[in-house]
file upload21.cif (mmCIF, N, CA, C and O atoms)
data_my_file
#
loop_
_atom_site.group_PDB
_atom_site.id
_atom_site.type_symbol
_atom_site.label_atom_id
_atom_site.label_comp_id
_atom_site.auth_asym_id
_atom_site.auth_seq_id
_atom_site.Cartn_x
_atom_site.Cartn_y
_atom_site.Cartn_z
ATOM 1 N N MET A 1 -4.548 -7.770 4.419
ATOM 2 C CA MET A 1 -4.641 -7.494 3.001
ATOM 3 C C MET A 1 -3.253 -7.098 2.497
ATOM 4 O O MET A 1 -2.583 -6.266 3.107
ATOM 5 N N HIS A 2 -2.845 -7.684 1.399
ATOM 6 C CA HIS A 2 -1.546 -7.368 0.807
ATOM 7 C C HIS A 2 -1.611 -5.975 0.177
ATOM 8 O O HIS A 2 -2.641 -5.592 -0.383
ATOM 9 N N PRO A 3 -0.541 -5.204 0.279
ATOM 10 C CA PRO A 3 -0.557 -3.841 -0.258
ATOM 11 C C PRO A 3 -0.870 -3.773 -1.756
ATOM 12 O O PRO A 3 -1.528 -2.840 -2.208
ATOM 13 N N ILE A 4 -0.424 -4.754 -2.518
ATOM 14 C CA ILE A 4 -0.698 -4.744 -3.952
ATOM 15 C C ILE A 4 -2.191 -4.995 -4.209
ATOM 16 O O ILE A 4 -2.770 -4.434 -5.140
ATOM 17 N N GLU A 5 -2.831 -5.794 -3.355
ATOM 18 C CA GLU A 5 -4.283 -5.982 -3.457
ATOM 19 C C GLU A 5 -5.006 -4.665 -3.191
ATOM 20 O O GLU A 5 -5.978 -4.336 -3.872
ATOM 21 N N LEU A 6 -4.546 -3.924 -2.189
ATOM 22 C CA LEU A 6 -5.131 -2.616 -1.883
ATOM 23 C C LEU A 6 -4.944 -1.670 -3.065
ATOM 24 O O LEU A 6 -5.877 -0.963 -3.449
ATOM 25 N N LYS A 7 -3.764 -1.684 -3.652
ATOM 26 C CA LYS A 7 -3.462 -0.836 -4.806
ATOM 27 C C LYS A 7 -4.417 -1.122 -5.956
ATOM 28 O O LYS A 7 -4.967 -0.211 -6.564
ATOM 29 N N GLU A 8 -4.624 -2.401 -6.253
ATOM 30 C CA GLU A 8 -5.482 -2.770 -7.369
ATOM 31 C C GLU A 8 -6.957 -2.499 -7.064
ATOM 32 O O GLU A 8 -7.692 -2.033 -7.929
ATOM 33 N N LYS A 9 -7.382 -2.790 -5.835
ATOM 34 C CA LYS A 9 -8.787 -2.597 -5.474
ATOM 35 C C LYS A 9 -9.194 -1.132 -5.566
ATOM 36 O O LYS A 9 -10.254 -0.797 -6.076
ATOM 37 N N TRP A 10 -8.330 -0.252 -5.072
ATOM 38 C CA TRP A 10 -8.659 1.170 -5.011
ATOM 39 C C TRP A 10 -8.025 1.969 -6.140
ATOM 40 O O TRP A 10 -8.098 3.195 -6.141
ATOM 41 N N GLN A 11 -7.414 1.289 -7.094
ATOM 42 C CA GLN A 11 -6.808 1.913 -8.275
ATOM 43 C C GLN A 11 -5.839 3.031 -7.898
ATOM 44 O O GLN A 11 -5.947 4.166 -8.349
ATOM 45 N N LEU A 12 -4.896 2.682 -7.048
ATOM 46 C CA LEU A 12 -3.875 3.618 -6.598
ATOM 47 C C LEU A 12 -2.631 3.495 -7.465
ATOM 48 O O LEU A 12 -2.346 2.429 -8.000
ATOM 49 N N THR A 13 -1.881 4.566 -7.562
ATOM 50 C CA THR A 13 -0.559 4.493 -8.173
ATOM 51 C C THR A 13 0.423 4.064 -7.084
ATOM 52 O O THR A 13 0.104 4.076 -5.890
ATOM 53 N N TYR A 14 1.618 3.692 -7.490
ATOM 54 C CA TYR A 14 2.630 3.334 -6.499
ATOM 55 C C TYR A 14 2.974 4.531 -5.613
ATOM 56 O O TYR A 14 3.211 4.380 -4.423
ATOM 57 N N ASN A 15 2.982 5.730 -6.179
ATOM 58 C CA ASN A 15 3.254 6.928 -5.373
ATOM 59 C C ASN A 15 2.172 7.157 -4.323
ATOM 60 O O ASN A 15 2.463 7.499 -3.180
ATOM 61 N N GLU A 16 0.909 6.985 -4.713
ATOM 62 C CA GLU A 16 -0.194 7.150 -3.754
ATOM 63 C C GLU A 16 -0.147 6.077 -2.673
ATOM 64 O O GLU A 16 -0.365 6.373 -1.499
ATOM 65 N N LEU A 17 0.159 4.837 -3.070
ATOM 66 C CA LEU A 17 0.258 3.760 -2.091
ATOM 67 C C LEU A 17 1.368 4.024 -1.084
ATOM 68 O O LEU A 17 1.184 3.862 0.116
ATOM 69 N N SER A 18 2.510 4.471 -1.569
ATOM 70 C CA SER A 18 3.608 4.772 -0.640
ATOM 71 C C SER A 18 3.246 5.941 0.277
ATOM 72 O O SER A 18 3.595 5.943 1.453
ATOM 73 N N LEU A 19 2.509 6.910 -0.237
ATOM 74 C CA LEU A 19 2.094 8.061 0.569
ATOM 75 C C LEU A 19 1.179 7.629 1.706
ATOM 76 O O LEU A 19 1.405 7.996 2.866
ATOM 77 N N VAL A 20 0.145 6.840 1.411
ATOM 78 C CA VAL A 20 -0.808 6.471 2.459
ATOM 79 C C VAL A 20 -0.209 5.487 3.459
ATOM 80 O O VAL A 20 -0.681 5.413 4.596
ATOM 81 N N LEU A 21 0.835 4.752 3.057
ATOM 82 C CA LEU A 21 1.478 3.816 3.980
ATOM 83 C C LEU A 21 2.645 4.443 4.730
ATOM 84 O O LEU A 21 3.241 3.812 5.591
ATOM 85 N N GLY A 22 2.978 5.687 4.411
ATOM 86 C CA GLY A 22 3.996 6.404 5.162
ATOM 87 C C GLY A 22 5.418 6.219 4.676
ATOM 88 O O GLY A 22 6.362 6.468 5.426
ATOM 89 N N TYR A 23 5.592 5.814 3.432
ATOM 90 C CA TYR A 23 6.931 5.678 2.876
ATOM 91 C C TYR A 23 7.284 6.938 2.104
ATOM 92 O O TYR A 23 6.440 7.528 1.434
ATOM 93 N N GLN A 24 8.553 7.352 2.187
ATOM 94 C CA GLN A 24 8.971 8.574 1.506
ATOM 95 C C GLN A 24 9.077 8.373 0.002
ATOM 96 O O GLN A 24 8.751 9.250 -0.766
ATOM 97 N N GLY A 25 9.559 7.214 -0.400
ATOM 98 C CA GLY A 25 9.685 6.919 -1.821
ATOM 99 C C GLY A 25 8.885 5.684 -2.171
ATOM 100 O O GLY A 25 8.370 4.982 -1.298
ATOM 101 N N ASP A 26 8.798 5.413 -3.471
ATOM 102 C CA ASP A 26 7.989 4.277 -3.887
ATOM 103 C C ASP A 26 8.813 3.042 -4.235
ATOM 104 O O ASP A 26 8.262 2.043 -4.664
ATOM 105 N N TYR A 27 10.142 3.067 -4.023
ATOM 106 C CA TYR A 27 10.967 1.912 -4.375
ATOM 107 C C TYR A 27 10.561 0.659 -3.605
ATOM 108 O O TYR A 27 10.384 -0.414 -4.186
ATOM 109 N N THR A 28 10.396 0.771 -2.304
ATOM 110 C CA THR A 28 10.013 -0.380 -1.478
ATOM 111 C C THR A 28 8.638 -0.884 -1.869
ATOM 112 O O THR A 28 8.417 -2.083 -1.995
ATOM 113 N N VAL A 29 7.713 0.018 -2.095
ATOM 114 C CA VAL A 29 6.350 -0.363 -2.463
ATOM 115 C C VAL A 29 6.347 -1.078 -3.814
ATOM 116 O O VAL A 29 5.672 -2.086 -3.987
ATOM 117 N N ARG A 30 7.120 -0.599 -4.758
ATOM 118 C CA ARG A 30 7.211 -1.248 -6.069
ATOM 119 C C ARG A 30 7.820 -2.645 -5.951
ATOM 120 O O ARG A 30 7.428 -3.550 -6.677
ATOM 121 N N SER A 31 8.752 -2.830 -5.042
ATOM 122 C CA SER A 31 9.421 -4.126 -4.911
ATOM 123 C C SER A 31 8.500 -5.195 -4.321
ATOM 124 O O SER A 31 8.772 -6.379 -4.445
ATOM 125 N N TRP A 32 7.386 -4.801 -3.709
ATOM 126 C CA TRP A 32 6.422 -5.776 -3.200
ATOM 127 C C TRP A 32 5.684 -6.468 -4.330
ATOM 128 O O TRP A 32 5.198 -7.566 -4.174
ATOM 129 N N GLY A 33 5.591 -5.817 -5.474
ATOM 130 C CA GLY A 33 4.840 -6.370 -6.587
ATOM 131 C C GLY A 33 5.684 -7.038 -7.653
ATOM 132 O O GLY A 33 5.181 -7.353 -8.714
ATOM 133 N N THR A 34 6.964 -7.243 -7.372
ATOM 134 C CA THR A 34 7.841 -7.835 -8.376
ATOM 135 C C THR A 34 8.270 -9.229 -7.965
ATOM 136 O O THR A 34 8.096 -9.648 -6.824
ATOM 137 N N ASN A 35 8.847 -9.918 -8.905
ATOM 138 C CA ASN A 35 9.484 -11.212 -8.647
ATOM 139 C C ASN A 35 10.948 -11.081 -9.008
ATOM 140 O O ASN A 35 11.327 -10.219 -9.791
ATOM 141 N N GLY A 36 11.765 -11.937 -8.441
ATOM 142 C CA GLY A 36 13.170 -11.913 -8.795
ATOM 143 C C GLY A 36 14.051 -11.390 -7.690
ATOM 144 O O GLY A 36 13.707 -11.417 -6.506
ATOM 145 N N ARG A 37 15.178 -10.882 -8.093
ATOM 146 C CA ARG A 37 16.226 -10.507 -7.155
ATOM 147 C C ARG A 37 15.849 -9.329 -6.257
ATOM 148 O O ARG A 37 16.287 -9.235 -5.116
ATOM 149 N N HIS A 38 15.046 -8.413 -6.746
ATOM 150 C CA HIS A 38 14.719 -7.205 -5.981
ATOM 151 C C HIS A 38 13.397 -7.304 -5.228
ATOM 152 O O HIS A 38 12.927 -6.312 -4.675
ATOM 153 N N LYS A 39 12.798 -8.481 -5.189
ATOM 154 C CA LYS A 39 11.518 -8.667 -4.498
ATOM 155 C C LYS A 39 11.702 -8.509 -2.989
ATOM 156 O O LYS A 39 12.658 -8.991 -2.412
ATOM 157 N N ARG A 40 10.783 -7.812 -2.392
ATOM 158 C CA ARG A 40 10.734 -7.667 -0.938
ATOM 159 C C ARG A 40 9.361 -8.081 -0.462
ATOM 160 O O ARG A 40 8.397 -8.023 -1.207
ATOM 161 N N ASN A 41 9.284 -8.442 0.787
ATOM 162 C CA ASN A 41 8.007 -8.781 1.402
ATOM 163 C C ASN A 41 7.647 -7.696 2.410
ATOM 164 O O ASN A 41 8.498 -7.242 3.167
ATOM 165 N N PRO A 42 6.379 -7.280 2.434
ATOM 166 C CA PRO A 42 5.963 -6.251 3.385
ATOM 167 C C PRO A 42 6.037 -6.762 4.825
ATOM 168 O O PRO A 42 5.878 -7.947 5.084
ATOM 169 N N GLN A 43 6.276 -5.841 5.742
ATOM 170 C CA GLN A 43 6.249 -6.187 7.156
ATOM 171 C C GLN A 43 4.808 -6.439 7.574
ATOM 172 O O GLN A 43 3.859 -5.983 6.933
ATOM 173 N N ASN A 44 4.633 -7.150 8.676
ATOM 174 C CA ASN A 44 3.292 -7.471 9.157
ATOM 175 C C ASN A 44 2.460 -6.226 9.444
ATOM 176 O O ASN A 44 1.246 -6.212 9.218
ATOM 177 N N VAL A 45 3.087 -5.179 9.922
ATOM 178 C CA VAL A 45 2.362 -3.943 10.229
ATOM 179 C C VAL A 45 1.774 -3.326 8.960
ATOM 180 O O VAL A 45 0.725 -2.667 9.009
ATOM 181 N N VAL A 46 2.383 -3.556 7.818
ATOM 182 C CA VAL A 46 1.862 -3.028 6.554
ATOM 183 C C VAL A 46 0.565 -3.735 6.183
ATOM 184 O O VAL A 46 -0.371 -3.104 5.700
ATOM 185 N N TYR A 47 0.503 -5.050 6.425
ATOM 186 C CA TYR A 47 -0.728 -5.788 6.173
ATOM 187 C C TYR A 47 -1.874 -5.237 7.030
ATOM 188 O O TYR A 47 -2.994 -5.073 6.558
ATOM 189 N N VAL A 48 -1.571 -4.942 8.279
ATOM 190 C CA VAL A 48 -2.583 -4.392 9.188
ATOM 191 C C VAL A 48 -3.021 -3.008 8.715
ATOM 192 O O VAL A 48 -4.221 -2.707 8.669
ATOM 193 N N ALA A 49 -2.066 -2.179 8.339
ATOM 194 C CA ALA A 49 -2.395 -0.834 7.864
ATOM 195 C C ALA A 49 -3.260 -0.886 6.605
ATOM 196 O O ALA A 49 -4.212 -0.115 6.464
ATOM 197 N N CYS A 50 -2.952 -1.806 5.711
ATOM 198 C CA CYS A 50 -3.744 -1.941 4.482
ATOM 199 C C CYS A 50 -5.167 -2.377 4.792
ATOM 200 O O CYS A 50 -6.120 -1.880 4.200
ATOM 201 N N ARG A 51 -5.309 -3.307 5.711
ATOM 202 C CA ARG A 51 -6.648 -3.779 6.083
ATOM 203 C C ARG A 51 -7.463 -2.657 6.723
ATOM 204 O O ARG A 51 -8.639 -2.467 6.426
ATOM 205 N N LEU A 52 -6.827 -1.890 7.601
ATOM 206 C CA LEU A 52 -7.518 -0.780 8.258
ATOM 207 C C LEU A 52 -7.901 0.311 7.249
ATOM 208 O O LEU A 52 -8.994 0.877 7.325
ATOM 209 N N LEU A 53 -6.993 0.606 6.307
ATOM 210 C CA LEU A 53 -7.311 1.590 5.278
ATOM 211 C C LEU A 53 -8.476 1.129 4.414
ATOM 212 O O LEU A 53 -9.363 1.913 4.066
ATOM 213 N N ASP A 54 -8.474 -0.154 4.061
ATOM 214 C CA ASP A 54 -9.556 -0.696 3.250
ATOM 215 C C ASP A 54 -10.891 -0.563 3.970
ATOM 216 O O ASP A 54 -11.886 -0.143 3.371
ATOM 217 N N GLU A 55 -10.922 -0.887 5.255
ATOM 218 C CA GLU A 55 -12.150 -0.749 6.036
ATOM 219 C C GLU A 55 -12.593 0.706 6.120
ATOM 220 O O GLU A 55 -13.775 1.017 5.967
ATOM 221 N N LYS A 56 -11.643 1.598 6.368
ATOM 222 C CA LYS A 56 -11.969 3.020 6.488
ATOM 223 C C LYS A 56 -12.491 3.566 5.167
ATOM 224 O O LYS A 56 -13.509 4.272 5.137
ATOM 225 N N TRP A 57 -11.816 3.259 4.073
ATOM 226 C CA TRP A 57 -12.240 3.759 2.769
ATOM 227 C C TRP A 57 -13.573 3.152 2.341
ATOM 228 O O TRP A 57 -14.339 3.779 1.636
ATOM 229 N N SER A 58 -13.853 1.917 2.762
ATOM 230 C CA SER A 58 -15.128 1.284 2.414
ATOM 231 C C SER A 58 -16.299 1.990 3.081
ATOM 232 O O SER A 58 -17.386 2.069 2.516
ATOM 233 N N THR A 59 -16.079 2.506 4.277
ATOM 234 C CA THR A 59 -17.164 3.171 4.999
ATOM 235 C C THR A 59 -17.205 4.678 4.765
ATOM 236 O O THR A 59 -18.273 5.264 4.701
ATOM 237 N N GLN A 60 -16.039 5.314 4.640
ATOM 238 C CA GLN A 60 -15.981 6.770 4.574
ATOM 239 C C GLN A 60 -15.624 7.319 3.207
ATOM 240 O O GLN A 60 -15.640 8.531 3.008
ATOM 241 N N GLY A 61 -15.237 6.469 2.280
ATOM 242 C CA GLY A 61 -14.799 6.935 0.967
ATOM 243 C C GLY A 61 -13.293 7.071 0.915
ATOM 244 O O GLY A 61 -12.643 7.319 1.929
ATOM 245 N N LYS A 62 -12.763 6.904 -0.257
ATOM 246 C CA LYS A 62 -11.306 6.938 -0.450
ATOM 247 C C LYS A 62 -10.771 8.355 -0.301
ATOM 248 O O LYS A 62 -11.278 9.286 -0.915
ATOM 249 N N GLN A 63 -9.761 8.487 0.535
ATOM 250 C CA GLN A 63 -9.065 9.751 0.732
ATOM 251 C C GLN A 63 -7.576 9.459 0.715
ATOM 252 O O GLN A 63 -7.064 8.777 1.601
ATOM 253 N N VAL A 64 -6.885 9.964 -0.288
ATOM 254 C CA VAL A 64 -5.457 9.724 -0.404
ATOM 255 C C VAL A 64 -4.721 10.850 0.295
ATOM 256 O O VAL A 64 -4.495 11.909 -0.267
ATOM 257 N N ASN A 65 -4.413 10.627 1.565
ATOM 258 C CA ASN A 65 -3.674 11.582 2.390
ATOM 259 C C ASN A 65 -2.568 10.852 3.103
ATOM 260 O O ASN A 65 -2.680 9.657 3.362
ATOM 261 N N SER A 66 -1.539 11.569 3.464
ATOM 262 C CA SER A 66 -0.500 10.986 4.298
ATOM 263 C C SER A 66 -1.046 10.846 5.714
ATOM 264 O O SER A 66 -1.595 11.791 6.265
ATOM 265 N N TYR A 67 -0.915 9.673 6.284
ATOM 266 C CA TYR A 67 -1.442 9.439 7.628
ATOM 267 C C TYR A 67 -0.357 9.533 8.682
ATOM 268 O O TYR A 67 -0.529 9.047 9.778
ATOM 269 N N LEU A 68 0.753 10.177 8.364
ATOM 270 C CA LEU A 68 1.811 10.367 9.363
ATOM 271 C C LEU A 68 1.620 11.668 10.095
ATOM 272 O O LEU A 68 1.128 12.611 9.625
#
call {"tool": "encode", "arguments": {"input": "upload21.cif", "output": "structure tokens"}}
result
Amino acid sequence: MHPIELKEKWQLTYNELSLVLGYQGDYTVRSWGTNGRHKRNPQNVVYVACRLLDEKWSTQGKQVNSYL
């Protein structure tokens, strides 16, 4: 699952998304949702983390906590 899909599905802010994925700031997370010169692509491990979070939140309810 792409991180931006997770953000939209669970109505997260960029700050919350960066928190649950273990990023200190939201610059990298914001760059996943843009086009142009500053666009970045998430690493494969981020896709796995998003999928696991989606499964966990679907069964246990959404909890926005740092998982580090």
call {"tool": "residues_around", "arguments": {"input": "upload21.cif", "residues": "range 28-38 of chain A", "least_positions_apart": "3", "cutoff": "7 Å", "atoms": "all atoms listed in the file", "output": "list in words"}}
result
Ile4, Tyr14, Leu17, Ser18, Gly25, Asn41 and Pro42 of chain A
call {"tool": "write_last_selection", "arguments": {"input": "upload21.cif", "atoms": "N, CA, C and O atoms", "output": "mmCIF file, in the coordinates of the input"}}
result
data_model
loop_
_atom_site.group_PDB
_atom_site.id
_atom_site.type_symbol
_atom_site.label_atom_id
_atom_site.label_comp_id
_atom_site.auth_asym_id
_atom_site.auth_seq_id
_atom_site.Cartn_x
_atom_site.Cartn_y
_atom_site.Cartn_z
ATOM 1 N N ILE A 4 -0.424 -4.754 -2.518
ATOM 2 C CA ILE A 4 -0.698 -4.744 -3.952
ATOM 3 C C ILE A 4 -2.191 -4.995 -4.209
ATOM 4 O O ILE A 4 -2.770 -4.434 -5.140
ATOM 5 N N TYR A 14 1.618 3.692 -7.490
ATOM 6 C CA TYR A 14 2.630 3.334 -6.499
ATOM 7 C C TYR A 14 2.974 4.531 -5.613
ATOM 8 O O TYR A 14 3.211 4.380 -4.423
ATOM 9 N N LEU A 17 0.159 4.837 -3.070
ATOM 10 C CA LEU A 17 0.258 3.760 -2.091
ATOM 11 C C LEU A 17 1.368 4.024 -1.084
ATOM 12 O O LEU A 17 1.184 3.862 0.116
ATOM 13 N N SER A 18 2.510 4.471 -1.569
ATOM 14 C CA SER A 18 3.608 4.772 -0.640
ATOM 15 C C SER A 18 3.246 5.941 0.277
ATOM 16 O O SER A 18 3.595 5.943 1.453
ATOM 17 N N GLY A 25 9.559 7.214 -0.400
ATOM 18 C CA GLY A 25 9.685 6.919 -1.821
ATOM 19 C C GLY A 25 8.885 5.684 -2.171
ATOM 20 O O GLY A 25 8.370 4.982 -1.298
ATOM 21 N N ASN A 41 9.284 -8.442 0.787
ATOM 22 C CA ASN A 41 8.007 -8.781 1.402
ATOM 23 C C ASN A 41 7.647 -7.696 2.410
ATOM 24 O O ASN A 41 8.498 -7.242 3.167
ATOM 25 N N PRO A 42 6.379 -7.280 2.434
ATOM 26 C CA PRO A 42 5.963 -6.251 3.385
ATOM 27 C C PRO A 42 6.037 -6.762 4.825
ATOM 28 O O PRO A 42 5.878 -7.947 5.084
#
call {"tool": "select_by_dssp", "arguments": {"input": "upload21.cif", "residues": "chain A", "states": "alpha helix (DSSP H)", "output": "PyMOL selection string"}}
result
chain A and resi 3-9+14-21+27-31+44-60
call {"tool": "write_last_selection", "arguments": {"input": "upload21.cif", "atoms": "N, CA, C and O atoms", "output": "CSV table (one decimal), in the coordinates of the input"}}
result
chain,number,residue,atom,x,y,z
A,3,PRO,N,-0.5,-5.2,0.3
A,3,PRO,CA,-0.6,-3.8,-0.3
A,3,PRO,C,-0.9,-3.8,-1.8
A,3,PRO,O,-1.5,-2.8,-2.2
A,4,ILE,N,-0.4,-4.8,-2.5
A,4,ILE,CA,-0.7,-4.7,-4.0
A,4,ILE,C,-2.2,-5.0,-4.2
A,4,ILE,O,-2.8,-4.4,-5.1
A,5,GLU,N,-2.8,-5.8,-3.4
A,5,GLU,CA,-4.3,-6.0,-3.5
A,5,GLU,C,-5.0,-4.7,-3.2
A,5,GLU,O,-6.0,-4.3,-3.9
A,6,LEU,N,-4.5,-3.9,-2.2
A,6,LEU,CA,-5.1,-2.6,-1.9
A,6,LEU,C,-4.9,-1.7,-3.1
A,6,LEU,O,-5.9,-1.0,-3.4
A,7,LYS,N,-3.8,-1.7,-3.7
A,7,LYS,CA,-3.5,-0.8,-4.8
A,7,LYS,C,-4.4,-1.1,-6.0
A,7,LYS,O,-5.0,-0.2,-6.6
A,8,GLU,N,-4.6,-2.4,-6.3
A,8,GLU,CA,-5.5,-2.8,-7.4
A,8,GLU,C,-7.0,-2.5,-7.1
A,8,GLU,O,-7.7,-2.0,-7.9
A,9,LYS,N,-7.4,-2.8,-5.8
A,9,LYS,CA,-8.8,-2.6,-5.5
A,9,LYS,C,-9.2,-1.1,-5.6
A,9,LYS,O,-10.3,-0.8,-6.1
A,14,TYR,N,1.6,3.7,-7.5
A,14,TYR,CA,2.6,3.3,-6.5
A,14,TYR,C,3.0,4.5,-5.6
A,14,TYR,O,3.2,4.4,-4.4
A,15,ASN,N,3.0,5.7,-6.2
A,15,ASN,CA,3.3,6.9,-5.4
A,15,ASN,C,2.2,7.2,-4.3
A,15,ASN,O,2.5,7.5,-3.2
A,16,GLU,N,0.9,7.0,-4.7
A,16,GLU,CA,-0.2,7.2,-3.8
A,16,GLU,C,-0.1,6.1,-2.7
A,16,GLU,O,-0.4,6.4,-1.5
A,17,LEU,N,0.2,4.8,-3.1
A,17,LEU,CA,0.3,3.8,-2.1
A,17,LEU,C,1.4,4.0,-1.1
A,17,LEU,O,1.2,3.9,0.1
A,18,SER,N,2.5,4.5,-1.6
A,18,SER,CA,3.6,4.8,-0.6
A,18,SER,C,3.2,5.9,0.3
A,18,SER,O,3.6,5.9,1.5
A,19,LEU,N,2.5,6.9,-0.2
A,19,LEU,CA,2.1,8.1,0.6
A,19,LEU,C,1.2,7.6,1.7
A,19,LEU,O,1.4,8.0,2.9
A,20,VAL,N,0.1,6.8,1.4
A,20,VAL,CA,-0.8,6.5,2.5
A,20,VAL,C,-0.2,5.5,3.5
A,20,VAL,O,-0.7,5.4,4.6
A,21,LEU,N,0.8,4.8,3.1
A,21,LEU,CA,1.5,3.8,4.0
A,21,LEU,C,2.6,4.4,4.7
A,21,LEU,O,3.2,3.8,5.6
A,27,TYR,N,10.1,3.1,-4.0
A,27,TYR,CA,11.0,1.9,-4.4
A,27,TYR,C,10.6,0.7,-3.6
A,27,TYR,O,10.4,-0.4,-4.2
A,28,THR,N,10.4,0.8,-2.3
A,28,THR,CA,10.0,-0.4,-1.5
A,28,THR,C,8.6,-0.9,-1.9
A,28,THR,O,8.4,-2.1,-2.0
A,29,VAL,N,7.7,0.0,-2.1
A,29,VAL,CA,6.4,-0.4,-2.5
A,29,VAL,C,6.3,-1.1,-3.8
A,29,VAL,O,5.7,-2.1,-4.0
A,30,ARG,N,7.1,-0.6,-4.8
A,30,ARG,CA,7.2,-1.2,-6.1
A,30,ARG,C,7.8,-2.6,-6.0
A,30,ARG,O,7.4,-3.6,-6.7
A,31,SER,N,8.8,-2.8,-5.0
A,31,SER,CA,9.4,-4.1,-4.9
A,31,SER,C,8.5,-5.2,-4.3
A,31,SER,O,8.8,-6.4,-4.4
A,44,ASN,N,4.6,-7.2,8.7
A,44,ASN,CA,3.3,-7.5,9.2
A,44,ASN,C,2.5,-6.2,9.4
A,44,ASN,O,1.2,-6.2,9.2
A,45,VAL,N,3.1,-5.2,9.9
A,45,VAL,CA,2.4,-3.9,10.2
A,45,VAL,C,1.8,-3.3,9.0
A,45,VAL,O,0.7,-2.7,9.0
A,46,VAL,N,2.4,-3.6,7.8
A,46,VAL,CA,1.9,-3.0,6.6
A,46,VAL,C,0.6,-3.7,6.2
A,46,VAL,O,-0.4,-3.1,5.7
A,47,TYR,N,0.5,-5.0,6.4
A,47,TYR,CA,-0.7,-5.8,6.2
A,47,TYR,C,-1.9,-5.2,7.0
A,47,TYR,O,-3.0,-5.1,6.6
A,48,VAL,N,-1.6,-4.9,8.3
A,48,VAL,CA,-2.6,-4.4,9.2
A,48,VAL,C,-3.0,-3.0,8.7
A,48,VAL,O,-4.2,-2.7,8.7
A,49,ALA,N,-2.1,-2.2,8.3
A,49,ALA,CA,-2.4,-0.8,7.9
A,49,ALA,C,-3.3,-0.9,6.6
A,49,ALA,O,-4.2,-0.1,6.5
A,50,CYS,N,-3.0,-1.8,5.7
A,50,CYS,CA,-3.7,-1.9,4.5
A,50,CYS,C,-5.2,-2.4,4.8
A,50,CYS,O,-6.1,-1.9,4.2
A,51,ARG,N,-5.3,-3.3,5.7
A,51,ARG,CA,-6.6,-3.8,6.1
A,51,ARG,C,-7.5,-2.7,6.7
A,51,ARG,O,-8.6,-2.5,6.4
A,52,LEU,N,-6.8,-1.9,7.6
A,52,LEU,CA,-7.5,-0.8,8.3
A,52,LEU,C,-7.9,0.3,7.2
A,52,LEU,O,-9.0,0.9,7.3
A,53,LEU,N,-7.0,0.6,6.3
A,53,LEU,CA,-7.3,1.6,5.3
A,53,LEU,C,-8.5,1.1,4.4
A,53,LEU,O,-9.4,1.9,4.1
A,54,ASP,N,-8.5,-0.2,4.1
A,54,ASP,CA,-9.6,-0.7,3.2
A,54,ASP,C,-10.9,-0.6,4.0
A,54,ASP,O,-11.9,-0.1,3.4
A,55,GLU,N,-10.9,-0.9,5.3
A,55,GLU,CA,-12.2,-0.7,6.0
A,55,GLU,C,-12.6,0.7,6.1
A,55,GLU,O,-13.8,1.0,6.0
A,56,LYS,N,-11.6,1.6,6.4
A,56,LYS,CA,-12.0,3.0,6.5
A,56,LYS,C,-12.5,3.6,5.2
A,56,LYS,O,-13.5,4.3,5.1
A,57,TRP,N,-11.8,3.3,4.1
A,57,TRP,CA,-12.2,3.8,2.8
A,57,TRP,C,-13.6,3.2,2.3
A,57,TRP,O,-14.3,3.8,1.6
A,58,SER,N,-13.9,1.9,2.8
A,58,SER,CA,-15.1,1.3,2.4
A,58,SER,C,-16.3,2.0,3.1
A,58,SER,O,-17.4,2.1,2.5
A,59,THR,N,-16.1,2.5,4.3
A,59,THR,CA,-17.2,3.2,5.0
A,59,THR,C,-17.2,4.7,4.8
A,59,THR,O,-18.3,5.3,4.7
A,60,GLN,N,-16.0,5.3,4.6
A,60,GLN,CA,-16.0,6.8,4.6
A,60,GLN,C,-15.6,7.3,3.2
A,60,GLN,O,-15.6,8.5,3.0
call {"tool": "residues_around", "arguments": {"input": "upload21.cif", "residues": "range 19-23 of chain A", "least_positions_apart": "2", "cutoff": "4.5 Å", "atoms": "all atoms listed in the file", "output": "list of chain:residue names"}}
result
A:Asn15, A:Glu16, A:Leu17, A:Gly25, A:Asn65, A:Ser66, A:Tyr67
call {"tool": "residues_around", "arguments": {"input": "upload21.cif", "residues": "His2 in chain A", "least_positions_apart": "6", "cutoff": "9 Å", "atoms": "only C-alpha atoms", "output": "PyMOL selection string"}}
result
chain A and resi 42+46-48+50-51
call {"tool": "write_last_selection", "arguments": {"input": "upload21.cif", "atoms": "N, CA, C and O atoms", "output": "tab-separated table (two decimals), keeping the file's coordinate frame"}}
result
chain	number	residue	atom	x	y	z
A	42	PRO	N	6.38	-7.28	2.43
A	42	PRO	CA	5.96	-6.25	3.38
A	42	PRO	C	6.04	-6.76	4.82
A	42	PRO	O	5.88	-7.95	5.08
A	46	VAL	N	2.38	-3.56	7.82
A	46	VAL	CA	1.86	-3.03	6.55
A	46	VAL	C	0.56	-3.74	6.18
A	46	VAL	O	-0.37	-3.10	5.70
A	47	TYR	N	0.50	-5.05	6.42
A	47	TYR	CA	-0.73	-5.79	6.17
A	47	TYR	C	-1.87	-5.24	7.03
A	47	TYR	O	-2.99	-5.07	6.56
A	48	VAL	N	-1.57	-4.94	8.28
A	48	VAL	CA	-2.58	-4.39	9.19
A	48	VAL	C	-3.02	-3.01	8.72
A	48	VAL	O	-4.22	-2.71	8.67
A	50	CYS	N	-2.95	-1.81	5.71
A	50	CYS	CA	-3.74	-1.94	4.48
A	50	CYS	C	-5.17	-2.38	4.79
A	50	CYS	O	-6.12	-1.88	4.20
A	51	ARG	N	-5.31	-3.31	5.71
A	51	ARG	CA	-6.65	-3.78	6.08
A	51	ARG	C	-7.46	-2.66	6.72
A	51	ARG	O	-8.64	-2.47	6.43
call {"tool": "atom_distance", "arguments": {"input": "upload21.cif", "atom1": "atom O of Ala49 in chain A", "atom2": "CA of Asp26 in chain A"}}
result
16.6 Å
call {"tool": "atom_distance", "arguments": {"input": "upload21.cif", "atom1": "CA of Gln60 in chain A", "atom2": "CA of Glu5 in chain A"}}
result
19.1 Å
call {"tool": "atom_distance", "arguments": {"input": "upload21.cif", "atom1": "CA of Leu53 in chain A", "atom2": "CA of Gln11 in chain A"}}
result
13.6 Å
